[in-house]
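Participant: This is the structure I have questions about; it appears just below.
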Amino acid sequence: MSSVPRNKHELELAINSIFPKLMADYRSIPQSKARQSGIEGNVKDTVISVSDTVAYLIGWGKLVLKWHHLSSQNQKVDFPETGYKWNQLGLLAESFQQEYRDWQYDALLIELETTVNEVLLLISSLSDHELYGVAWYEQWTLGRMIQFNTSSPMKNMRTKVRRFKREFI
């Protein structure tokens with residue numbers, strides 16, 4: 001399989017192969033360390049916590065679901081999110097961290113699982129053509145937009161979480 005999914009099956013496989021490993025890594029982090037800073041943030045020269053990485057993945061997963069919901073209702077989608085431009089993704093990441101700042105670590109993990117399951121349900125409800133056969137946002141297919149915001153950042157976060165674990169636990 002190529003590193004970039006090219007069809008529905010490969011997209012599901014990409015998420016289903018990284019997500020359980022990532023969750024196992026997250027579950028191995030003690031609650032007492034979940035809010036400890038020690039991971040390179042999405043904004044230059046920032047340091048974030050494991051909980052912040054979970055919030056990041058929840059935020060992007062929920063945006064994917066929102067984009068699809070709005071577009072399926074023929075409503076305008078503000079990409080990437082209302083109030084943010086593509087060159088402000090660091091600020092958007094920080095808004096996700098802020099939104100989930102007061103959540104308990106266990107609740108964050110449950111929310112991440114729920115969100116990823118909703119994304120997988122969305123993918124399963126769509127045809128290969130809907131996911132990869134037509135441009136959905138500018139030149140990008142919906143499948144590619146989902147991958148950009150699920151399996152790709154999951155791989156990135158897993159690397160960061162494993163590094164945190166080696167250094168701090």
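Residues in the structure tokens are named by chain (A, B, ... in the order shown) and by number from 1 within that chain; ligands are numbered from 1 in the order shown.
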Identify, on the basis of only C-alpha atoms, every residue whose closest approach to segment 164-169 of chain A does not exceed 10 Å; exclude the query and any residue fewer than 2 positions from it along the same chain; express the result as a VMD selection string.

Facilitator: chain A and resid 25 to 26 28 to 30 33 36 to 40 49 to 50 158 to 162

Participant: Generate the output file for the selected residues, C-alpha atoms, as a JSON list (two decimals), in the first residue's frame.

Facilitator:
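Result file is out-v4.json:
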```
[["chain", "number", "residue", "atom", "x", "y", "z"],
["A", 25, "ASP", "CA", 0.18, 4.79, 23.54],
["A", 26, "TYR", "CA", -2.28, 7.33, 24.95],
["A", 28, "SER", "CA", -0.05, 4.07, 28.64],
["A", 29, "ILE", "CA", 0.38, 7.70, 29.71],
["A", 30, "PRO", "CA", -0.54, 8.11, 33.41],
["A", 33, "LYS", "CA", 1.48, 13.13, 33.24],
["A", 36, "GLN", "CA", 2.65, 17.91, 31.64],
["A", 37, "SER", "CA", 4.27, 20.02, 28.91],
["A", 38, "GLY", "CA", 6.95, 18.30, 26.92],
["A", 39, "ILE", "CA", 5.77, 17.93, 23.32],
["A", 40, "GLU", "CA", 6.66, 20.30, 20.50],
["A", 49, "SER", "CA", 0.95, 18.35, 26.72],
["A", 50, "VAL", "CA", -0.24, 14.88, 25.72],
["A", 158, "ARG", "CA", 2.09, 8.99, 17.86],
["A", 159, "THR", "CA", 5.75, 9.84, 17.21],
["A", 160, "LYS", "CA", 5.51, 12.82, 19.58],
["A", 161, "VAL", "CA", 3.71, 10.86, 22.32],
["A", 162, "ARG", "CA", 6.23, 8.02, 22.16]]
```

Participant: Would you give me, as CSV, each residue of segment 94-120 of chain A having an atom within 7 Å of an atom of segment 57-79 of chain A, along with its shortest atom pair and that distance in Å to one decimal, using only C-alpha atoms and sorting by chain and residue number?

Facilitator:
```
residue,atom,partner,partner_atom,distance
A:Phe96,CA,A:Gly59,CA,5.5
A:Leu112,CA,A:Ile58,CA,5.3
A:Thr115,CA,A:Gly61,CA,6.1
A:Val116,CA,A:Gly61,CA,6.6
A:Val119,CA,A:Leu65,CA,6.6
```

Participant: Quick check, in Å to one decimal: how far apart do atom CA of Leu89 of chain A and atom CA of Met145 of chain A lie?

Facilitator: 14.7 Å

Participant: Mind checking DSSP for segment 49-155 of chain A and telling me the strand (DSSP E or B) residues as number ranges by chain?

Facilitator: A: 49, 81, 84, 135-137, 140-141

Participant: Could you tell me which of A:Ala14, A:Leu121, A:Leu142, A:Leu91 comes closest to Lys44 of chain A if we count only C-alpha atoms?

Facilitator: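 That would be A:Leu91, the residue with the smallest distance to Lys44 of chain A.
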
Participant: Could you tell me how far atom CA of Glu113 of chain A sits from atom CA of His9 of chain A, in Å to one decimal place?

Facilitator: 19.9 Å

Participant: Write out as a ChimeraX atom specification all residues of segment 89-156 of chain A that DSSP puts in alpha helix (DSSP H) for this structure's backbone.

Facilitator: /A:89-99,105-125,128,142-148,151-156

Participant: By how many Å are atom CA of Ala55 of chain A and atom CA of Gln97 of chain A apart?

Facilitator: 5.5 Å

Participant: Using only C-alpha atoms, can you tell me which of A:Arg144, A:Arg101, A:Lys155, A:Arg27 comes closest to Ile48 of chain A?

Facilitator: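 Distance minimum relative to Ile48 of chain A lands on A:Arg101.
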
Participant: For a quick check of understanding, using only C-alpha atoms, which of A:Gly143, A:Ile110, A:Arg35, A:Ala93 has the smallest distance to Leu122 of chain A?

Facilitator: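 Ranking A:Gly143, A:Ile110, A:Arg35, A:Ala93 by distance to Leu122 of chain A, first place goes to A:Gly143.
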